[in-house]
$ cat final-v9.csv   # CSV, N, CA and C atoms
chain,number,residue,atom,x,y,z
A,941,MET,N,-26.0,17.3,-16.2
A,941,MET,CA,-24.9,17.3,-15.2
A,941,MET,C,-23.6,17.1,-16.0
A,942,THR,N,-22.6,17.9,-15.7
A,942,THR,CA,-21.3,17.8,-16.4
A,942,THR,C,-20.3,17.3,-15.4
A,943,ASN,N,-19.3,16.7,-15.9
A,943,ASN,CA,-18.2,16.2,-15.1
A,943,ASN,C,-17.1,17.3,-15.1
A,944,ASP,N,-16.5,17.5,-14.0
A,944,ASP,CA,-15.4,18.5,-13.8
A,944,ASP,C,-14.1,17.7,-13.9
A,945,TRP,N,-13.7,17.3,-15.1
A,945,TRP,CA,-12.6,16.4,-15.3
A,945,TRP,C,-11.3,17.0,-14.8
A,946,GLU,N,-11.1,18.3,-14.8
A,946,GLU,CA,-9.9,18.9,-14.4
A,946,GLU,C,-9.7,18.9,-12.9
A,947,ASN,N,-10.7,18.7,-12.1
A,947,ASN,CA,-10.6,18.7,-10.7
A,947,ASN,C,-11.0,17.4,-10.0
A,948,ARG,N,-10.9,16.3,-10.7
A,948,ARG,CA,-11.2,15.0,-10.1
A,948,ARG,C,-10.1,14.6,-9.1
A,949,THR,N,-10.6,13.9,-8.1
A,949,THR,CA,-9.6,13.5,-7.1
A,949,THR,C,-9.8,12.0,-6.7
A,950,GLU,N,-8.8,11.4,-6.1
A,950,GLU,CA,-8.9,10.1,-5.6
A,950,GLU,C,-8.4,10.1,-4.2
A,951,THR,N,-8.9,9.3,-3.3
A,951,THR,CA,-8.5,9.2,-1.9
A,951,THR,C,-8.0,7.8,-1.7
A,952,CYS,N,-6.8,7.6,-1.2
A,952,CYS,CA,-6.3,6.3,-0.9
A,952,CYS,C,-5.7,6.2,0.4
A,953,ASP,N,-5.6,4.9,1.0
A,953,ASP,CA,-4.9,4.6,2.2
A,953,ASP,C,-3.5,4.3,1.8
A,954,PHE,N,-2.5,4.8,2.6
A,954,PHE,CA,-1.1,4.6,2.3
A,954,PHE,C,-0.3,3.9,3.4
A,955,TRP,N,0.6,3.1,3.1
A,955,TRP,CA,1.6,2.4,4.0
A,955,TRP,C,3.0,2.7,3.5
A,956,ILE,N,3.9,2.8,4.4
A,956,ILE,CA,5.3,2.8,4.0
A,956,ILE,C,6.0,1.7,4.9
A,957,GLY,N,7.1,1.1,4.4
A,957,GLY,CA,7.7,0.1,5.2
A,957,GLY,C,9.1,-0.2,5.0
A,958,VAL,N,9.6,-1.1,5.8
A,958,VAL,CA,11.0,-1.5,5.8
A,958,VAL,C,11.0,-3.1,5.8
A,959,PHE,N,11.4,-3.6,4.7
A,959,PHE,CA,11.5,-5.1,4.5
A,959,PHE,C,13.0,-5.5,4.3
A,960,ARG,N,13.4,-6.7,4.6
A,960,ARG,CA,14.8,-7.1,4.5
A,960,ARG,C,15.2,-7.1,3.0
A,961,ASN,N,14.3,-7.4,2.1
A,961,ASN,CA,14.6,-7.4,0.7
A,961,ASN,C,13.3,-7.4,-0.1
A,962,GLU,N,13.4,-7.3,-1.4
A,962,GLU,CA,12.2,-7.2,-2.3
A,962,GLU,C,11.4,-8.5,-2.2
A,963,GLY,N,12.1,-9.7,-2.1
A,963,GLY,CA,11.4,-10.9,-2.0
A,963,GLY,C,10.5,-11.0,-0.8
A,964,ALA,N,10.9,-10.5,0.3
A,964,ALA,CA,10.1,-10.5,1.6
A,964,ALA,C,8.9,-9.6,1.4
A,965,PHE,N,9.1,-8.4,0.8
A,965,PHE,CA,8.0,-7.5,0.5
A,965,PHE,C,7.0,-8.2,-0.4
A,966,SER,N,7.5,-8.7,-1.5
A,966,SER,CA,6.6,-9.4,-2.4
A,966,SER,C,5.8,-10.5,-1.8
A,967,GLU,N,6.5,-11.3,-1.0
A,967,GLU,CA,5.8,-12.4,-0.3
A,967,GLU,C,4.7,-11.9,0.6
A,968,TYR,N,4.9,-10.8,1.2
A,968,TYR,CA,3.9,-10.2,2.1
A,968,TYR,C,2.7,-9.6,1.4
A,969,VAL,N,2.9,-8.9,0.3
A,969,VAL,CA,1.8,-8.1,-0.3
A,969,VAL,C,1.2,-8.8,-1.6
A,970,SER,N,1.9,-9.8,-2.2
A,970,SER,CA,1.4,-10.4,-3.4
A,970,SER,C,0.3,-11.3,-3.1
A,971,GLU,N,-0.5,-11.5,-4.1
A,971,GLU,CA,-1.7,-12.5,-4.1
A,971,GLU,C,-1.1,-13.9,-4.0
A,972,ASP,N,-1.8,-14.7,-3.1
A,972,ASP,CA,-1.5,-16.1,-3.0
A,972,ASP,C,-2.0,-16.8,-4.3
A,973,PRO,N,-1.1,-17.4,-5.1
A,973,PRO,CA,-1.5,-18.0,-6.3
A,973,PRO,C,-2.5,-19.2,-6.1
A,974,GLU,N,-2.6,-19.7,-4.9
A,974,GLU,CA,-3.6,-20.8,-4.6
A,974,GLU,C,-5.0,-20.2,-4.3
A,975,TYR,N,-5.1,-18.9,-4.0
A,975,TYR,CA,-6.3,-18.4,-3.5
A,975,TYR,C,-7.5,-18.7,-4.4
A,976,TYR,N,-7.4,-18.5,-5.7
A,976,TYR,CA,-8.5,-18.7,-6.6
A,976,TYR,C,-8.9,-20.2,-6.8
A,977,LEU,N,-7.9,-21.1,-6.6
A,977,LEU,CA,-8.1,-22.5,-6.7
A,977,LEU,C,-8.8,-23.1,-5.4
A,978,ARG,N,-8.5,-22.5,-4.3
A,978,ARG,CA,-9.0,-23.0,-3.0
A,978,ARG,C,-10.2,-22.2,-2.4
A,979,MET,N,-10.5,-21.1,-3.0
A,979,MET,CA,-11.5,-20.2,-2.3
A,979,MET,C,-12.8,-20.8,-2.1
A,980,ASP,N,-13.3,-21.7,-3.0
A,980,ASP,CA,-14.6,-22.4,-2.8
A,980,ASP,C,-14.6,-23.3,-1.7
A,981,ASN,N,-13.4,-23.9,-1.3
A,981,ASN,CA,-13.3,-24.9,-0.3
A,981,ASN,C,-12.9,-24.3,1.1
A,982,ASP,N,-12.4,-23.1,1.1
A,982,ASP,CA,-11.9,-22.5,2.4
A,982,ASP,C,-12.3,-21.1,2.5
A,983,LEU,N,-13.4,-20.8,3.2
A,983,LEU,CA,-13.9,-19.5,3.3
A,983,LEU,C,-13.0,-18.6,4.1
A,984,LYS,N,-12.1,-19.1,4.9
A,984,LYS,CA,-11.2,-18.3,5.7
A,984,LYS,C,-9.9,-18.0,5.0
A,985,LEU,N,-9.7,-18.5,3.8
A,985,LEU,CA,-8.5,-18.2,3.1
A,985,LEU,C,-8.5,-16.7,2.6
A,986,ALA,N,-7.3,-16.1,2.8
A,986,ALA,CA,-7.2,-14.7,2.4
A,986,ALA,C,-6.3,-14.6,1.2
A,987,LEU,N,-6.5,-13.5,0.5
A,987,LEU,CA,-5.8,-13.3,-0.8
A,987,LEU,C,-4.3,-13.0,-0.6
A,988,SER,N,-3.9,-12.4,0.5
A,988,SER,CA,-2.5,-12.2,0.7
A,988,SER,C,-2.3,-12.0,2.2
A,989,LYS,N,-1.0,-12.1,2.6
A,989,LYS,CA,-0.7,-11.9,4.0
A,989,LYS,C,-1.0,-10.5,4.5
A,990,PHE,N,-0.7,-9.6,3.6
A,990,PHE,CA,-1.0,-8.2,3.9
A,990,PHE,C,-2.5,-8.0,4.2
A,991,ILE,N,-3.4,-8.5,3.4
A,991,ILE,CA,-4.8,-8.3,3.6
A,991,ILE,C,-5.3,-9.1,4.8
A,992,THR,N,-4.7,-10.2,5.1
A,992,THR,CA,-5.0,-10.9,6.4
A,992,THR,C,-4.7,-10.0,7.6
A,993,ASP,N,-3.5,-9.4,7.6
A,993,ASP,CA,-3.1,-8.5,8.7
A,993,ASP,C,-4.0,-7.3,8.8
A,994,GLN,N,-4.7,-6.9,7.7
A,994,GLN,CA,-5.7,-5.8,7.7
A,994,GLN,C,-7.1,-6.2,8.1
A,995,GLY,N,-7.2,-7.5,8.4
A,995,GLY,CA,-8.5,-8.0,8.9
A,995,GLY,C,-9.5,-8.3,7.8
A,996,GLU,N,-9.0,-8.4,6.6
A,996,GLU,CA,-9.9,-8.6,5.4
A,996,GLU,C,-9.5,-10.0,4.8
A,997,GLN,N,-10.3,-10.4,3.8
A,997,GLN,CA,-10.0,-11.6,3.1
A,997,GLN,C,-9.6,-11.3,1.6
A,998,SER,N,-10.1,-10.3,1.1
A,998,SER,CA,-9.8,-10.0,-0.3
A,998,SER,C,-9.8,-8.5,-0.6
A,999,TYR,N,-9.4,-8.1,-1.8
A,999,TYR,CA,-9.5,-6.7,-2.2
A,999,TYR,C,-9.4,-6.7,-3.7
A,1000,ASP,N,-9.7,-5.6,-4.3
A,1000,ASP,CA,-9.7,-5.4,-5.7
A,1000,ASP,C,-8.3,-5.0,-6.1
A,1001,HIS,N,-7.5,-5.9,-6.6
A,1001,HIS,CA,-6.1,-5.6,-6.9
A,1001,HIS,C,-5.9,-4.5,-8.0
A,1002,ASP,N,-7.0,-4.2,-8.7
A,1002,ASP,CA,-6.9,-3.1,-9.7
A,1002,ASP,C,-6.9,-1.7,-9.0
A,1003,LEU,N,-7.3,-1.7,-7.7
A,1003,LEU,CA,-7.4,-0.5,-7.0
A,1003,LEU,C,-6.2,-0.3,-6.0
A,1004,MET,N,-5.1,-1.1,-6.2
A,1004,MET,CA,-3.9,-1.0,-5.4
A,1004,MET,C,-2.7,-0.9,-6.2
A,1005,GLU,N,-1.7,-0.2,-5.7
A,1005,GLU,CA,-0.4,-0.1,-6.3
A,1005,GLU,C,0.7,-0.2,-5.2
A,1006,MET,N,1.8,-0.8,-5.5
A,1006,MET,CA,2.9,-0.9,-4.5
A,1006,MET,C,4.2,-0.9,-5.2
A,1007,GLY,N,5.2,-0.7,-4.4
A,1007,GLY,CA,6.6,-0.7,-4.9
A,1007,GLY,C,7.6,-0.9,-3.8
A,1008,PHE,N,8.8,-1.3,-4.3
A,1008,PHE,CA,10.0,-1.6,-3.5
A,1008,PHE,C,11.2,-1.0,-4.2
A,1009,ASN,N,12.0,-0.3,-3.4
A,1009,ASN,CA,13.3,0.2,-4.0
A,1009,ASN,C,14.3,0.4,-2.8
A,1010,ALA,N,15.2,-0.6,-2.7
A,1010,ALA,CA,16.2,-0.5,-1.6
A,1010,ALA,C,17.2,0.6,-1.8
A,1011,GLU,N,17.3,1.2,-3.0
A,1011,GLU,CA,18.2,2.3,-3.2
A,1011,GLU,C,17.7,3.6,-3.0
A,1012,ALA,N,16.4,3.8,-2.8
A,1012,ALA,CA,15.7,5.1,-2.7
A,1012,ALA,C,16.2,5.8,-1.5
A,1013,GLN,N,16.6,7.0,-1.6
A,1013,GLN,CA,17.1,7.9,-0.5
A,1013,GLN,C,16.0,8.7,0.1
A,1014,THR,N,14.9,8.9,-0.6
A,1014,THR,CA,13.8,9.7,-0.1
A,1014,THR,C,12.5,9.0,-0.5
A,1015,ILE,N,11.4,9.4,0.2
A,1015,ILE,CA,10.1,8.8,-0.1
A,1015,ILE,C,9.7,9.2,-1.6
A,1016,LYS,N,10.0,10.5,-1.9
A,1016,LYS,CA,9.7,10.9,-3.3
A,1016,LYS,C,10.4,10.0,-4.3
A,1017,GLU,N,11.6,9.7,-4.0
A,1017,GLU,CA,12.4,8.8,-4.9
A,1017,GLU,C,11.8,7.4,-5.0
A,1018,LEU,N,11.3,6.9,-3.8
A,1018,LEU,CA,10.7,5.6,-3.7
A,1018,LEU,C,9.4,5.5,-4.6
A,1019,VAL,N,8.6,6.6,-4.6
A,1019,VAL,CA,7.3,6.5,-5.3
A,1019,VAL,C,7.4,7.1,-6.8
A,1020,ASP,N,8.6,7.6,-7.1
A,1020,ASP,CA,8.8,8.2,-8.4
A,1020,ASP,C,8.4,7.2,-9.5
A,1021,GLY,N,7.6,7.6,-10.5
A,1021,GLY,CA,7.2,6.8,-11.6
A,1021,GLY,C,5.9,6.0,-11.4
A,1022,TYR,N,5.4,6.0,-10.2
A,1022,TYR,CA,4.1,5.3,-9.9
A,1022,TYR,C,3.0,6.3,-10.2
A,1023,SER,N,1.8,5.7,-10.4
A,1023,SER,CA,0.6,6.5,-10.7
A,1023,SER,C,0.4,7.7,-9.8
A,1024,TYR,N,0.3,8.9,-10.4
A,1024,TYR,CA,0.0,10.1,-9.6
A,1024,TYR,C,1.0,10.5,-8.5
A,1025,SER,N,2.2,9.9,-8.6
A,1025,SER,CA,3.2,10.2,-7.5
A,1025,SER,C,3.5,11.7,-7.4
A,1026,ASP,N,3.4,12.4,-8.5
A,1026,ASP,CA,3.7,13.8,-8.5
A,1026,ASP,C,2.6,14.6,-7.7
A,1027,GLN,N,1.4,13.9,-7.5
A,1027,GLN,CA,0.3,14.5,-6.8
A,1027,GLN,C,0.4,14.2,-5.3
A,1028,TYR,N,0.9,13.0,-4.9
A,1028,TYR,CA,0.8,12.6,-3.5
A,1028,TYR,C,2.2,12.5,-2.8
A,1029,GLY,N,3.3,12.6,-3.6
A,1029,GLY,CA,4.7,12.4,-3.1
A,1029,GLY,C,5.1,13.3,-2.0
A,1030,ASP,N,4.8,14.6,-2.1
A,1030,ASP,CA,5.2,15.6,-1.1
A,1030,ASP,C,4.4,15.2,0.2
A,1031,GLU,N,3.2,15.0,0.2
A,1031,GLU,CA,2.4,14.7,1.4
A,1031,GLU,C,2.8,13.4,2.0
A,1032,LEU,N,3.1,12.4,1.2
A,1032,LEU,CA,3.6,11.1,1.7
A,1032,LEU,C,5.0,11.3,2.4
A,1033,GLU,N,5.8,12.1,1.8
A,1033,GLU,CA,7.1,12.3,2.4
A,1033,GLU,C,7.0,13.1,3.7
A,1034,LEU,N,6.1,14.0,3.8
A,1034,LEU,CA,5.8,14.8,5.0
A,1034,LEU,C,5.3,13.8,6.1
A,1035,ARG,N,4.4,13.0,5.8
A,1035,ARG,CA,3.9,12.0,6.8
A,1035,ARG,C,5.0,11.0,7.2
A,1036,ALA,N,5.8,10.6,6.3
A,1036,ALA,CA,6.9,9.7,6.7
A,1036,ALA,C,7.8,10.3,7.6
A,1037,SER,N,8.1,11.6,7.4
A,1037,SER,CA,9.0,12.3,8.3
A,1037,SER,C,8.5,12.5,9.7
A,1038,GLN,N,7.2,12.3,9.9
A,1038,GLN,CA,6.6,12.5,11.2
A,1038,GLN,C,6.6,11.2,12.1
A,1039,ILE,N,7.0,10.1,11.5
A,1039,ILE,CA,7.1,8.8,12.2
A,1039,ILE,C,8.5,8.4,12.3
A,1040,GLU,N,8.9,7.7,13.3
A,1040,GLU,CA,10.2,7.2,13.4
A,1040,GLU,C,10.4,5.9,12.7
A,1041,LEU,N,10.8,6.0,11.5
A,1041,LEU,CA,11.0,4.8,10.7
A,1041,LEU,C,12.1,5.1,9.7
A,1042,SER,N,13.3,4.5,9.9
A,1042,SER,CA,14.4,4.8,9.0
A,1042,SER,C,14.6,3.6,8.0
A,1043,GLY,N,15.2,3.9,6.8
A,1043,GLY,CA,15.4,2.9,5.8
A,1043,GLY,C,14.2,2.5,5.1
A,1044,VAL,N,13.2,3.3,4.9
A,1044,VAL,CA,12.0,3.0,4.2
A,1044,VAL,C,12.3,2.6,2.8
A,1045,ASN,N,11.9,1.4,2.4
A,1045,ASN,CA,12.2,0.9,1.1
A,1045,ASN,C,10.9,0.3,0.3
A,1046,SER,N,9.7,0.5,0.9
A,1046,SER,CA,8.5,0.0,0.3
A,1046,SER,C,7.3,0.9,0.6
A,1047,PHE,N,6.3,0.7,-0.3
A,1047,PHE,CA,5.1,1.5,0.0
A,1047,PHE,C,4.0,0.7,-0.7
A,1048,LEU,N,2.7,1.1,-0.3
A,1048,LEU,CA,1.5,0.5,-0.9
A,1048,LEU,C,0.4,1.5,-0.7
A,1049,PHE,N,-0.4,1.6,-1.7
A,1049,PHE,CA,-1.6,2.4,-1.5
A,1049,PHE,C,-2.8,1.7,-2.2
A,1050,ILE,N,-4.0,1.9,-1.6
A,1050,ILE,CA,-5.2,1.3,-2.1
A,1050,ILE,C,-6.3,2.3,-1.9
A,1051,ARG,N,-7.3,2.2,-2.9
A,1051,ARG,CA,-8.4,3.1,-2.8
A,1051,ARG,C,-9.1,3.1,-1.4
A,1052,ALA,N,-9.3,4.2,-0.8
A,1052,ALA,CA,-10.0,4.3,0.5
A,1052,ALA,C,-11.3,3.5,0.5
A,1053,GLY,N,-11.5,2.8,1.5
A,1053,GLY,CA,-12.7,2.0,1.6
A,1053,GLY,C,-12.6,0.5,1.3
A,1054,GLU,N,-11.5,0.2,0.6
A,1054,GLU,CA,-11.2,-1.2,0.3
A,1054,GLU,C,-10.9,-2.0,1.6
A,1055,ILE,N,-10.2,-1.3,2.5
A,1055,ILE,CA,-9.9,-1.9,3.8
A,1055,ILE,C,-10.6,-1.1,4.9
A,1056,GLN,N,-11.4,-1.8,5.6
A,1056,GLN,CA,-12.3,-1.1,6.6
A,1056,GLN,C,-11.5,-0.4,7.7
A,1057,ASN,N,-10.5,-1.1,8.3
A,1057,ASN,CA,-9.8,-0.6,9.4
A,1057,ASN,C,-8.3,-0.7,9.1
A,1058,PRO,N,-7.7,0.1,8.3
A,1058,PRO,CA,-6.3,0.1,8.0
A,1058,PRO,C,-5.4,0.2,9.2
A,1059,ARG,N,-4.3,-0.6,9.3
A,1059,ARG,CA,-3.5,-0.6,10.4
A,1059,ARG,C,-2.0,-0.8,10.1
A,1060,SER,N,-1.2,-0.4,11.0
A,1060,SER,CA,0.3,-0.7,10.9
A,1060,SER,C,0.5,-2.2,11.3
A,1061,VAL,N,1.6,-2.8,10.8
A,1061,VAL,CA,1.9,-4.1,11.1
A,1061,VAL,C,3.4,-4.1,11.4
A,1062,GLN,N,3.8,-4.5,12.6
A,1062,GLN,CA,5.2,-4.6,13.0
A,1062,GLN,C,5.6,-6.0,13.5
A,1063,THR,N,6.6,-6.6,12.9
A,1063,THR,CA,7.0,-7.9,13.3
A,1063,THR,C,8.5,-7.9,13.4
A,1064,GLU,N,9.1,-9.0,13.7
A,1064,GLU,CA,10.6,-9.0,13.8
A,1064,GLU,C,11.2,-9.0,12.3
A,1065,GLN,N,10.4,-9.4,11.4
A,1065,GLN,CA,10.8,-9.4,10.0
A,1065,GLN,C,10.6,-8.1,9.2
A,1066,PHE,N,9.6,-7.4,9.6
A,1066,PHE,CA,9.4,-6.1,8.8
A,1066,PHE,C,8.6,-5.1,9.7
A,1067,ASP,N,8.5,-3.9,9.1
A,1067,ASP,CA,7.7,-2.8,9.8
A,1067,ASP,C,7.0,-2.1,8.6
A,1068,PHE,N,5.7,-2.2,8.7
A,1068,PHE,CA,4.8,-1.6,7.6
A,1068,PHE,C,3.8,-0.7,8.3
A,1069,ARG,N,4.1,0.6,8.1
A,1069,ARG,CA,3.3,1.6,8.9
A,1069,ARG,C,2.2,2.2,8.0
A,1070,TYR,N,1.0,2.2,8.6
A,1070,TYR,CA,-0.1,2.9,7.9
A,1070,TYR,C,0.1,4.4,8.2
A,1071,VAL,N,0.1,5.3,7.2
A,1071,VAL,CA,0.3,6.7,7.4
A,1071,VAL,C,-1.0,7.5,7.1
A,1072,GLY,N,-2.1,6.9,6.8
A,1072,GLY,CA,-3.3,7.6,6.6
A,1072,GLY,C,-3.8,7.7,5.2
A,1073,ARG,N,-4.9,8.5,5.0
A,1073,ARG,CA,-5.4,8.7,3.7
A,1073,ARG,C,-4.9,10.0,3.1
A,1074,ILE,N,-4.7,9.9,1.8
A,1074,ILE,CA,-4.2,11.1,1.1
A,1074,ILE,C,-5.2,11.2,-0.1
A,1075,THR,N,-5.6,12.4,-0.3
A,1075,THR,CA,-6.4,12.8,-1.5
A,1075,THR,C,-5.6,13.5,-2.5
A,1076,TYR,N,-5.6,13.1,-3.7
A,1076,TYR,CA,-4.8,13.8,-4.7
A,1076,TYR,C,-5.6,13.9,-6.0
A,1077,LYS,N,-5.1,14.8,-6.9
A,1077,LYS,CA,-5.8,15.0,-8.2
A,1077,LYS,C,-5.4,13.9,-9.1
A,1078,ILE,N,-6.4,13.5,-9.9
A,1078,ILE,CA,-6.1,12.5,-11.0
A,1078,ILE,C,-6.4,13.0,-12.3
$ encode --input "final-v9.csv" --output "structure tokens"
Amino acid sequence: MTNDWENRTETCDFWIGVFRNEGAFSEYVSEDPEYYLRMDNDLKLALSKFITDQGEQSYDHDLMEMGFNAEAQTIKELVDGYSYSDQYGDELELRASQIELSGVNSFLFIRAGEIQNPRSVQTEQFDFRYVGRITYKI
């Protein structure tokens, strides 16, 4: 059996969002530094606020990428420079245009299957919309 290295793909779940600032975004998606210290004592502890809102407790952070840019004027500009953004940027921008969300300044994607039931989360502090799975060449 041979591998077709030129046609390999990856499928990921994508979110785009609006947060008041980078600190608020980071607080929501970053790992809780206490997680690994307390995980043996508290089985209900989740790795991040984001993952809690997704109905999970943990994820493989090596399979996730995220970014924040308050100055980005387009989705493609927001994701520019991130892994494989040239492969998924157009599709992500198309999907973003189909939902009513202005001022998008953040995004996150994670390998499909890491989160069983991906969902949007809207609060008074932020709006983080799940826009679906995108398959792209790697």
$ atom_distance --input "final-v9.csv" --atom1 "atom N of Tyr1028 in chain A" --atom2 "CA of Tyr1070 in chain A"
16.3 Å
$ select_by_dssp --input "final-v9.csv" --residues "chain A" --states "helix (DSSP H, G or I)" --output "PyMOL selection string"
chain A and resi 945-947+962-969+975-978+989-993+1001-1003+1015-1019+1025-1037
$ closest_residue --input "final-v9.csv" --among "A:Gly1021, A:Gly1007, A:Gly1072, A:Pro1058" --to "Gly957 in chain A" --atoms "only C-alpha atoms"
A:Gly1007
$ residues_around --input "final-v9.csv" --residues "Glu962 in chain A" --least-positions-apart "3" --cutoff "10 Å" --atoms "only C-alpha atoms" --output "list in words"
Val958, Phe959, Phe965, Ser966, Glu967, Tyr968, Gly1007, Phe1008, Asn1009, Ala1010, Asn1045 and Ser1046 of chain A
$ closest_residue --input "final-v9.csv" --among "A:Ile1055, A:Val1071, A:Ile991, A:Val1044" --to "Glu1017 in chain A" --atoms "only C-alpha atoms"
A:Val1044
$ closest_residue --input "final-v9.csv" --among "A:Ser1037, A:Gln997, A:Gln1027, A:Thr1075" --to "Cys952 in chain A" --atoms "only C-alpha atoms"
A:Thr1075
